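Down below is the structure, laid out as structure tokens.
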Amino acid sequence: MGEAADLDRDLWPMSQPLGSHHSVTEVLPQFLALLKKYDVPATYFIESWNLSVYPKAVQRIAAAGIEIAWHAYRHEAWSKLDTTAEQDNFTRSFDAMSEFTGGAKGTIGPYRGFRPPGGIIHGDRTLKLCREHGLGYISPSAEQGAVVKLDGGADSIAVLPFKWRTVDAYYYMDAFAGLRKTKGELPEEAQGPDVLARKYIEEIDNVIETGGYLSTLFHPFLTNTPERLQAMEQVLRHLVQRRDEGDVHFWKTGGIGDSIIRSDLGLGHESAGIVVKTGRNVRRLKIGDRVALECGIPCSKPTCEACRTGGYNGCPDIIFYSSPPIHGTLRRYHVHPEAWLHVLPDSISYEEGALLEPLSVALAGIERSGLRLGDPLVICGAGPIGMVSLLAAHAAGAAPIVITDLDENRLAMAKRLVPRVRTIQIQRDAHAKANAELIKGALGCEAKLVIECTGVESSIHTGIYASCFGGSVFVIGVGKDFQSIPFMHASFREIDIRFQFRYKETYPKAIMLISEGLIDLKPLVTHRFALEQGREAFEAASDPSAKAVKVQLLDE
């Protein structure tokens with residue numbers, strides 16, 4: 001913030017008065033406006049020196065609902081501080097904050113976190129000082145988040161790291177040429193805002209798909225051109241647009257694409273249960289019948305072209321339970337139209353009945369893709385939809401099959417589900433062409449069909465590069481609104497790129513495949529909770545460390 005870093009490096013002109021840095025006077029208001037526009041939570045790491053130089057700016061940041069965190073006293077390179085200098089930096093900084101908050105009438109609380117300039121700390125020495133000063137987290141340069149135990153386990157601190165790949169200085173500053181060369185991800189020369197936006201978005205997509213923690217960092221003093229500000233806005237826009245399928249993401253983010261939760265909403269659209277009461281016009285079902293719920297209810301009017309022609313998943317007036325503003329089926333009692341209830345045979349459990357919904361997504365994809373016996377197949381993404389797509393493709397006779405993912409645990413489970421599948425762990429930082437070569441090597445040929453289950457742009461690119469001439473890439477995954485593709489590669493090789501929206505007429509087929517033993521969904525259920533444990537269930541489903549595939553709520 002401000003000229004603290006310039007002063008630390010003797011770059012601030014002596015003729016320029018303190019408290020007039022363009023990053024505060026010009027860029028900060030634009031930052032705050034963008035964060036408000038996109039309603040993105042943020043943390044502003046400031047040097048404590050700024051508390052006396054820019055008190056009104058700091059209060060304006062806090063008034064906007066942005067966390068104020070600590071970034072040394074005057075941007076001192078933390079790795080160069082000896083024990084005495086480090087202790088002194090803590091003391092000066094926290095004394096300054098104590099004095100500042102005393103005059104701020106409670107609008108700003110004490111620091112909760114610390115990001116060391118340069119990203120390097122002095123191990124336990126720094127961590128213990130953080131805890132002694134009441135800090136709950138530290139944000140050094142690292143790949144993975146963690147909780148570090150201190151004092152033999154009596155205390156701990158959260159590590160919320162940053163990666164240089166999502167630090168704007170890594171792209172914009174000549175001083176980072178050596179780091180760019182060492183990492184080998186970029187040319188040595190400074191990069192433009194278009195490269196930054198693309199790389200940030202790739203990292204965001206990857207962490208959404210695989211789980212974990214990601215910090216995206218923008219320095220106001222570097223966001224000093226309209227093009228760089230536009231790149232920041234592009235990243236913010238992507239953050240609020242990027243959604244994945246399912247109720248877990250509704251629960252975590254409040255929306256999927258244009259479907260936004262604006263009031264209380266019950267979730268759930270993968271359900272099965274028992275009929276406890278029927279309406280007077282019900283003829284086919286009776287009390288005691290065990291049923292699976294198909295949760296997309298079209299209008300079924302003869303004037304609706306989609307319904308009249310059999311494409312009811314495209315009905316413009318369809319009601320889909322759990323899609324705002326319609327409450328979902330995660331409840332003890334639910335009223336459902338008879339026509340969209342499917343009777344379960346005794347051989348299919350309620351758990352399997354609930355899983356008919358994701359299986360329907362996979363079956364619709366298999367059917368629309370035109371998969372045939374002996375077609376070489378690649379499935380991108382070993383999440384729930386990827387897993388059920390694997391089971392369906394195996395039953396349909398695809399051969400050979402390769403499934404990809406970033407997570408080795410998911411790939412191991414895929415191998416247990418279908419032992420003949422060939423697994424490829426995607427390399428996060430590798431180019432899509434390089435990952436495609438790994439896939440083709442495992443497949444033994446180019447893919448006739450790719451079923452893409454992530455919606456991540458880099459994964460779609462990989463699928464395209466892995467396809468044969470005249471092949472198809474079938475995108476089931478939900479991704480960002482606008483994506484680029486290797487257009488001319490797909491054009492020169494006549495690769496079809498197709499998409500899918502939900503499903504139609506799949507439940508009877510899904511029931512038959514399970515009852516005949518062609519598909520076994522039971523291993524997909526990894527976690528079970530009582531209905532009253534809804535919050536715990538969603539937390540398990542959204543926490544990668546839980547290694548959940550399908551989490552179910554049971555009301556027994």
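Numbering starts fresh at 1 for the residues of each chain in the structure tokens, the chains themselves are lettered A, B, ... in the order given, and ligands are numbered from 1 as they appear.
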Q. Looking only at the backbone, which of the residues in segment 365-470 of chain A does DSSP tag as strand (DSSP E or B), as a ChimeraX atom specification?
A. /A:377-380,401-405,422-425,447-452,467-470
**Q.** Surrounding residues of Ile287 of chain A excluding itself and chain neighbours under 2 positions, 7 Å, only C-alpha atoms, as an NGL selection string
**A.** :A and (275-278 or 289)
Q. If you run DSSP on this backbone, which residues of segment 404-514 of chain A come out as alpha helix (DSSP H), and could you give them as a ChimeraX atom specification?
A. /A:408-417,432-443,457-466,487-492,507-514
Q. Given the choices A:Phe482, A:Leu363, A:Thr210, A:Trp49, which gets closest to Lys509 of chain A if the distance is worked out from only C-alpha atoms?
A.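 Ranked by minimum distance to Lys509 of chain A, first place goes to A:Leu363.
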Q: Rank nothing, just name the residue among A:Ala432, A:Tyr465, A:Arg368, A:Pro384 nearest to Gly477 of chain A, using only C-alpha atoms.
A: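 Answer, going by the shortest atom-to-atom distance: A:Pro384.
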Q: Tell me, as JSON, numbers by chain, which residues lie within 9 Å of segment 133-135 of chain A, counting only C-alpha atoms; anything in the same chain fewer than 3 positions away does not count.
A: {"A": [90, 91, 94, 110, 111, 112, 113, 114, 128, 129, 130, 138, 157]}
For the selection you just gave me, I'd like the residues written to a file as a short mmCIF file (atom, residue, chain, number, x, y, z; two decimals), in the first residue's frame, keeping all heavy atoms.
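Contents of selection-v8.cif, freshly written:
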data_model
loop_
_atom_site.label_atom_id
_atom_site.label_comp_id
_atom_site.auth_asym_id
_atom_site.auth_seq_id
_atom_site.Cartn_x
_atom_site.Cartn_y
_atom_site.Cartn_z
N PHE A 90 7.60 -6.65 14.64
CA PHE A 90 6.34 -7.00 15.28
C PHE A 90 5.93 -5.90 16.26
O PHE A 90 4.78 -5.43 16.25
CB PHE A 90 6.47 -8.33 16.02
CG PHE A 90 6.09 -9.54 15.21
CD1 PHE A 90 7.04 -10.23 14.46
CD2 PHE A 90 4.78 -9.99 15.18
CE1 PHE A 90 6.70 -11.34 13.72
CE2 PHE A 90 4.42 -11.11 14.44
CZ PHE A 90 5.39 -11.80 13.71
N THR A 91 6.86 -5.51 17.12
CA THR A 91 6.53 -4.55 18.18
C THR A 91 6.07 -3.22 17.59
O THR A 91 5.02 -2.67 17.99
CB THR A 91 7.74 -4.34 19.09
OG1 THR A 91 8.11 -5.59 19.66
CG2 THR A 91 7.41 -3.36 20.21
N PHE A 94 2.55 -3.62 15.74
CA PHE A 94 1.37 -3.83 16.56
C PHE A 94 1.13 -2.66 17.51
O PHE A 94 -0.02 -2.38 17.88
CB PHE A 94 1.48 -5.17 17.29
CG PHE A 94 1.12 -6.33 16.41
CD1 PHE A 94 2.03 -6.82 15.47
CD2 PHE A 94 -0.13 -6.93 16.47
CE1 PHE A 94 1.70 -7.86 14.63
CE2 PHE A 94 -0.47 -7.98 15.65
CZ PHE A 94 0.44 -8.45 14.71
N PRO A 110 -8.04 -5.59 15.54
CA PRO A 110 -6.62 -5.91 15.43
C PRO A 110 -6.35 -6.83 14.25
O PRO A 110 -7.24 -7.48 13.72
CB PRO A 110 -6.32 -6.60 16.77
CG PRO A 110 -7.63 -7.15 17.21
CD PRO A 110 -8.67 -6.18 16.73
N TYR A 111 -5.08 -6.87 13.85
CA TYR A 111 -4.70 -7.77 12.75
C TYR A 111 -5.05 -9.21 13.11
O TYR A 111 -4.87 -9.66 14.23
CB TYR A 111 -3.20 -7.70 12.51
CG TYR A 111 -2.67 -6.39 11.99
CD1 TYR A 111 -1.59 -5.78 12.62
CD2 TYR A 111 -3.19 -5.80 10.86
CE1 TYR A 111 -1.05 -4.58 12.15
CE2 TYR A 111 -2.68 -4.60 10.38
CZ TYR A 111 -1.61 -4.00 11.03
OH TYR A 111 -1.09 -2.84 10.54
N ARG A 112 -5.52 -9.96 12.08
CA ARG A 112 -5.75 -11.40 12.26
C ARG A 112 -4.78 -12.25 11.45
O ARG A 112 -4.61 -13.42 11.74
CB ARG A 112 -7.18 -11.76 11.85
CG ARG A 112 -8.26 -11.19 12.76
CD ARG A 112 -9.62 -11.77 12.42
NE ARG A 112 -10.00 -11.43 11.05
CZ ARG A 112 -10.80 -12.18 10.29
NH1 ARG A 112 -11.27 -13.31 10.76
NH2 ARG A 112 -11.11 -11.79 9.07
N GLY A 113 -4.15 -11.62 10.43
CA GLY A 113 -3.26 -12.40 9.58
C GLY A 113 -2.06 -11.60 9.12
O GLY A 113 -2.02 -10.37 9.21
N PHE A 114 -1.06 -12.31 8.58
CA PHE A 114 0.21 -11.71 8.20
C PHE A 114 0.69 -12.31 6.89
O PHE A 114 0.74 -13.53 6.73
CB PHE A 114 1.25 -11.98 9.30
CG PHE A 114 2.66 -11.60 8.96
CD1 PHE A 114 2.96 -10.42 8.30
CD2 PHE A 114 3.71 -12.45 9.31
CE1 PHE A 114 4.27 -10.08 7.99
CE2 PHE A 114 5.03 -12.12 9.01
CZ PHE A 114 5.31 -10.93 8.35
N LYS A 128 5.74 -18.52 16.05
CA LYS A 128 5.50 -18.27 17.48
C LYS A 128 5.26 -16.79 17.76
O LYS A 128 4.40 -16.43 18.57
CB LYS A 128 6.67 -18.80 18.30
CG LYS A 128 6.74 -20.33 18.35
CD LYS A 128 7.94 -20.81 19.16
CE LYS A 128 7.99 -22.33 19.19
NZ LYS A 128 9.16 -22.83 19.96
N LEU A 129 5.99 -15.92 17.07
CA LEU A 129 5.75 -14.48 17.22
C LEU A 129 4.35 -14.11 16.75
O LEU A 129 3.68 -13.26 17.34
CB LEU A 129 6.80 -13.70 16.45
CG LEU A 129 8.19 -13.59 17.09
CD1 LEU A 129 9.19 -13.01 16.10
CD2 LEU A 129 8.13 -12.73 18.36
N CYS A 130 3.91 -14.75 15.67
CA CYS A 130 2.55 -14.50 15.17
C CYS A 130 1.51 -14.83 16.24
O CYS A 130 0.59 -14.05 16.50
CB CYS A 130 2.30 -15.31 13.91
SG CYS A 130 3.14 -14.72 12.44
N ILE A 138 -1.09 -17.08 8.79
CA ILE A 138 0.05 -16.49 8.10
C ILE A 138 -0.02 -16.92 6.65
O ILE A 138 -0.51 -18.02 6.33
CB ILE A 138 1.38 -16.91 8.75
CG1 ILE A 138 2.55 -16.13 8.13
CG2 ILE A 138 1.60 -18.41 8.66
CD1 ILE A 138 3.86 -16.28 8.90
N ILE A 157 -1.38 -22.58 14.27
CA ILE A 157 -1.65 -21.43 13.41
C ILE A 157 -1.97 -21.95 12.02
O ILE A 157 -1.39 -22.95 11.56
CB ILE A 157 -0.46 -20.45 13.38
CG1 ILE A 157 -0.82 -19.17 12.62
CG2 ILE A 157 0.79 -21.10 12.80
CD1 ILE A 157 0.20 -18.06 12.78
#
Q: Pick out the closest residue to Val335 of chain A from this set: A:Tyr73, A:Phe469, A:Tyr321, A:Phe492. Count only C-alpha atoms.
A: A:Tyr321
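Residues in contact with Leu377 of chain A at 7 Å, where only C-alpha atoms are counted and same-chain residues fewer than 3 positions away are skipped, are listed as Ala398, Ala399, Pro400, Ile401, Val402, Ala447, Lys448, Leu449 and Val450 of chain A.
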Selected residues, C-alpha atoms, written as an mmCIF file, in the first residue's frame, please.
data_model
loop_
_atom_site.group_PDB
_atom_site.id
_atom_site.type_symbol
_atom_site.label_atom_id
_atom_site.label_comp_id
_atom_site.auth_asym_id
_atom_site.auth_seq_id
_atom_site.Cartn_x
_atom_site.Cartn_y
_atom_site.Cartn_z
ATOM 1 C CA ALA A 398 -16.182 -48.642 -24.718
ATOM 2 C CA ALA A 399 -12.635 -49.949 -25.091
ATOM 3 C CA PRO A 400 -10.058 -48.986 -24.148
ATOM 4 C CA ILE A 401 -10.965 -46.357 -21.537
ATOM 5 C CA VAL A 402 -8.720 -43.707 -19.978
ATOM 6 C CA ALA A 447 -9.660 -41.066 -28.751
ATOM 7 C CA LYS A 448 -12.778 -41.567 -30.828
ATOM 8 C CA LEU A 449 -14.747 -39.895 -28.039
ATOM 9 C CA VAL A 450 -13.856 -37.658 -25.113
#
Q: Write out as a list in words which residues come within 8 Å of segment 28-45 of chain A when counting only C-alpha atoms, dropping same-chain ones fewer than 4 positions away.
A: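 In the requested form, the answer reads Met1, Ser23, Val24, Ile61, Ala64, Gly65, Ile66, Glu67, Ile68, Ala69, Trp70, His71, Phe114, Arg115, Pro220, Glu233, Leu236, Arg237 and Val240 of chain A.
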Serialized selection, N, CA, C and O atoms, as a PDB file, in the first residue's frame:
ATOM      1  N   MET A   1       0.845  -1.186   0.000  1.00  0.00           N
ATOM      2  CA  MET A   1       0.000   0.000   0.000  1.00  0.00           C
ATOM      3  C   MET A   1       0.884   1.241   0.000  1.00  0.00           C
ATOM      4  O   MET A   1       1.840   1.342   0.763  1.00  0.00           O
ATOM      5  N   SER A  23      -1.196   4.822  -5.952  1.00  0.00           N
ATOM      6  CA  SER A  23      -1.887   3.565  -5.638  1.00  0.00           C
ATOM      7  C   SER A  23      -3.011   3.789  -4.638  1.00  0.00           C
ATOM      8  O   SER A  23      -3.981   3.025  -4.610  1.00  0.00           O
ATOM      9  N   VAL A  24      -2.885   4.822  -3.814  1.00  0.00           N
ATOM     10  CA  VAL A  24      -3.916   5.139  -2.824  1.00  0.00           C
ATOM     11  C   VAL A  24      -4.883   6.189  -3.356  1.00  0.00           C
ATOM     12  O   VAL A  24      -6.099   6.052  -3.238  1.00  0.00           O
ATOM     13  N   ILE A  61     -11.201   1.472   3.579  1.00  0.00           N
ATOM     14  CA  ILE A  61     -11.090   0.050   3.233  1.00  0.00           C
ATOM     15  C   ILE A  61     -11.919  -0.787   4.212  1.00  0.00           C
ATOM     16  O   ILE A  61     -12.692  -1.662   3.811  1.00  0.00           O
ATOM     17  N   ALA A  64     -15.622  -0.645   3.840  1.00  0.00           N
ATOM     18  CA  ALA A  64     -16.129  -1.401   2.694  1.00  0.00           C
ATOM     19  C   ALA A  64     -16.267  -2.891   3.008  1.00  0.00           C
ATOM     20  O   ALA A  64     -16.626  -3.685   2.128  1.00  0.00           O
ATOM     21  N   GLY A  65     -15.970  -3.289   4.258  1.00  0.00           N
ATOM     22  CA  GLY A  65     -16.097  -4.691   4.653  1.00  0.00           C
ATOM     23  C   GLY A  65     -14.904  -5.543   4.293  1.00  0.00           C
ATOM     24  O   GLY A  65     -14.996  -6.773   4.275  1.00  0.00           O
ATOM     25  N   ILE A  66     -13.775  -4.903   4.029  1.00  0.00           N
ATOM     26  CA  ILE A  66     -12.561  -5.627   3.645  1.00  0.00           C
ATOM     27  C   ILE A  66     -11.680  -5.815   4.867  1.00  0.00           C
ATOM     28  O   ILE A  66     -11.452  -4.882   5.641  1.00  0.00           O
ATOM     29  N   GLU A  67     -11.175  -7.028   5.047  1.00  0.00           N
ATOM     30  CA  GLU A  67     -10.302  -7.303   6.180  1.00  0.00           C
ATOM     31  C   GLU A  67      -8.979  -6.541   6.036  1.00  0.00           C
ATOM     32  O   GLU A  67      -8.385  -6.512   4.957  1.00  0.00           O
ATOM     33  N   ILE A  68      -8.521  -5.943   7.123  1.00  0.00           N
ATOM     34  CA  ILE A  68      -7.212  -5.310   7.173  1.00  0.00           C
ATOM     35  C   ILE A  68      -6.240  -6.300   7.810  1.00  0.00           C
ATOM     36  O   ILE A  68      -6.408  -6.687   8.967  1.00  0.00           O
ATOM     37  N   ALA A  69      -5.230  -6.719   7.051  1.00  0.00           N
ATOM     38  CA  ALA A  69      -4.222  -7.643   7.575  1.00  0.00           C
ATOM     39  C   ALA A  69      -2.845  -6.989   7.470  1.00  0.00           C
ATOM     40  O   ALA A  69      -2.678  -5.919   6.888  1.00  0.00           O
ATOM     41  N   TRP A  70      -1.847  -7.651   8.021  1.00  0.00           N
ATOM     42  CA  TRP A  70      -0.526  -7.042   8.228  1.00  0.00           C
ATOM     43  C   TRP A  70       0.472  -7.472   7.154  1.00  0.00           C
ATOM     44  O   TRP A  70       0.514  -8.633   6.750  1.00  0.00           O
ATOM     45  N   HIS A  71       1.318  -6.497   6.728  1.00  0.00           N
ATOM     46  CA  HIS A  71       2.319  -6.739   5.692  1.00  0.00           C
ATOM     47  C   HIS A  71       3.655  -6.087   6.088  1.00  0.00           C
ATOM     48  O   HIS A  71       4.259  -5.357   5.306  1.00  0.00           O
ATOM     49  N   PHE A 114      -1.060 -12.308   8.584  1.00  0.00           N
ATOM     50  CA  PHE A 114       0.214 -11.706   8.198  1.00  0.00           C
ATOM     51  C   PHE A 114       0.692 -12.308   6.886  1.00  0.00           C
ATOM     52  O   PHE A 114       0.739 -13.534   6.733  1.00  0.00           O
ATOM     53  N   ARG A 115       1.038 -11.444   5.935  1.00  0.00           N
ATOM     54  CA  ARG A 115       1.699 -11.888   4.709  1.00  0.00           C
ATOM     55  C   ARG A 115       3.092 -11.266   4.679  1.00  0.00           C
ATOM     56  O   ARG A 115       3.229 -10.045   4.552  1.00  0.00           O
ATOM     57  N   PRO A 220      -2.101  -2.639  -5.838  1.00  0.00           N
ATOM     58  CA  PRO A 220      -2.605  -1.401  -6.453  1.00  0.00           C
ATOM     59  C   PRO A 220      -1.531  -0.633  -7.212  1.00  0.00           C
ATOM     60  O   PRO A 220      -1.807  -0.064  -8.273  1.00  0.00           O
ATOM     61  N   GLU A 233     -10.544  -7.008 -13.356  1.00  0.00           N
ATOM     62  CA  GLU A 233     -12.000  -7.168 -13.427  1.00  0.00           C
ATOM     63  C   GLU A 233     -12.381  -8.481 -14.103  1.00  0.00           C
ATOM     64  O   GLU A 233     -13.340  -9.142 -13.708  1.00  0.00           O
ATOM     65  N   LEU A 236     -12.090 -11.094 -11.441  1.00  0.00           N
ATOM     66  CA  LEU A 236     -13.190 -10.988 -10.481  1.00  0.00           C
ATOM     67  C   LEU A 236     -14.495 -11.496 -11.089  1.00  0.00           C
ATOM     68  O   LEU A 236     -15.270 -12.201 -10.436  1.00  0.00           O
ATOM     69  N   ARG A 237     -14.724 -11.137 -12.342  1.00  0.00           N
ATOM     70  CA  ARG A 237     -15.947 -11.590 -13.012  1.00  0.00           C
ATOM     71  C   ARG A 237     -15.965 -13.112 -13.094  1.00  0.00           C
ATOM     72  O   ARG A 237     -16.995 -13.754 -12.880  1.00  0.00           O
ATOM     73  N   VAL A 240     -16.956 -14.827  -9.770  1.00  0.00           N
ATOM     74  CA  VAL A 240     -18.373 -14.866  -9.421  1.00  0.00           C
ATOM     75  C   VAL A 240     -19.190 -15.668 -10.431  1.00  0.00           C
ATOM     76  O   VAL A 240     -20.310 -16.086 -10.129  1.00  0.00           O
TER      77      VAL A 240
END
Q: Considering only C-alpha atoms, return as a count of residues only whatever protein or nucleic-acid residues lie within 7 Å of Leu217 of chain A, sequence-local ones (same chain, fewer than 3 positions apart) excluded.
A: 3
Q. A:Lys301, A:Arg410, A:Arg372, A:His527: which is nearest Ile385 of chain A, counting only C-alpha atoms?
A. A:Arg410
Q | Distance of atom CA of Cys295 of chain A from atom CA of Pro316 of chain A, expressed in Å to one decimal place | A |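 Taking atom CA of Pro316 of chain A as the start and atom CA of Cys295 of chain A as the end point, the length is 15.1 Å.
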Q) Can you list, as a count of residues only, every protein, DNA or RNA residue that comes within 8 Å of Arg165 of chain A when you count only C-alpha atoms, leaving out same-chain residues fewer than 5 positions away? A) 4
Q | Nearest residue to Leu267 of chain A from the set A:Ala142, A:Ala414, A:Ala396, A:Leu553 (distances using only C-alpha atoms) | A |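 For Leu267 of chain A, the nearest of the candidates is A:Leu553.
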Q.
What's the separation between atom CA of Ile476 of chain A and atom CA of Pro358 of chain A, in Å to one decimal place?
A. 11.3 Å
Q) Given the choices A:Ala339, A:Leu554, A:Leu371, A:Ala306, which gets closest to Arg283 of chain A if the distance is worked out from only C-alpha atoms? A)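 Nearest candidate to Arg283 of chain A out of A:Ala339, A:Leu554, A:Leu371, A:Ala306: A:Ala339.
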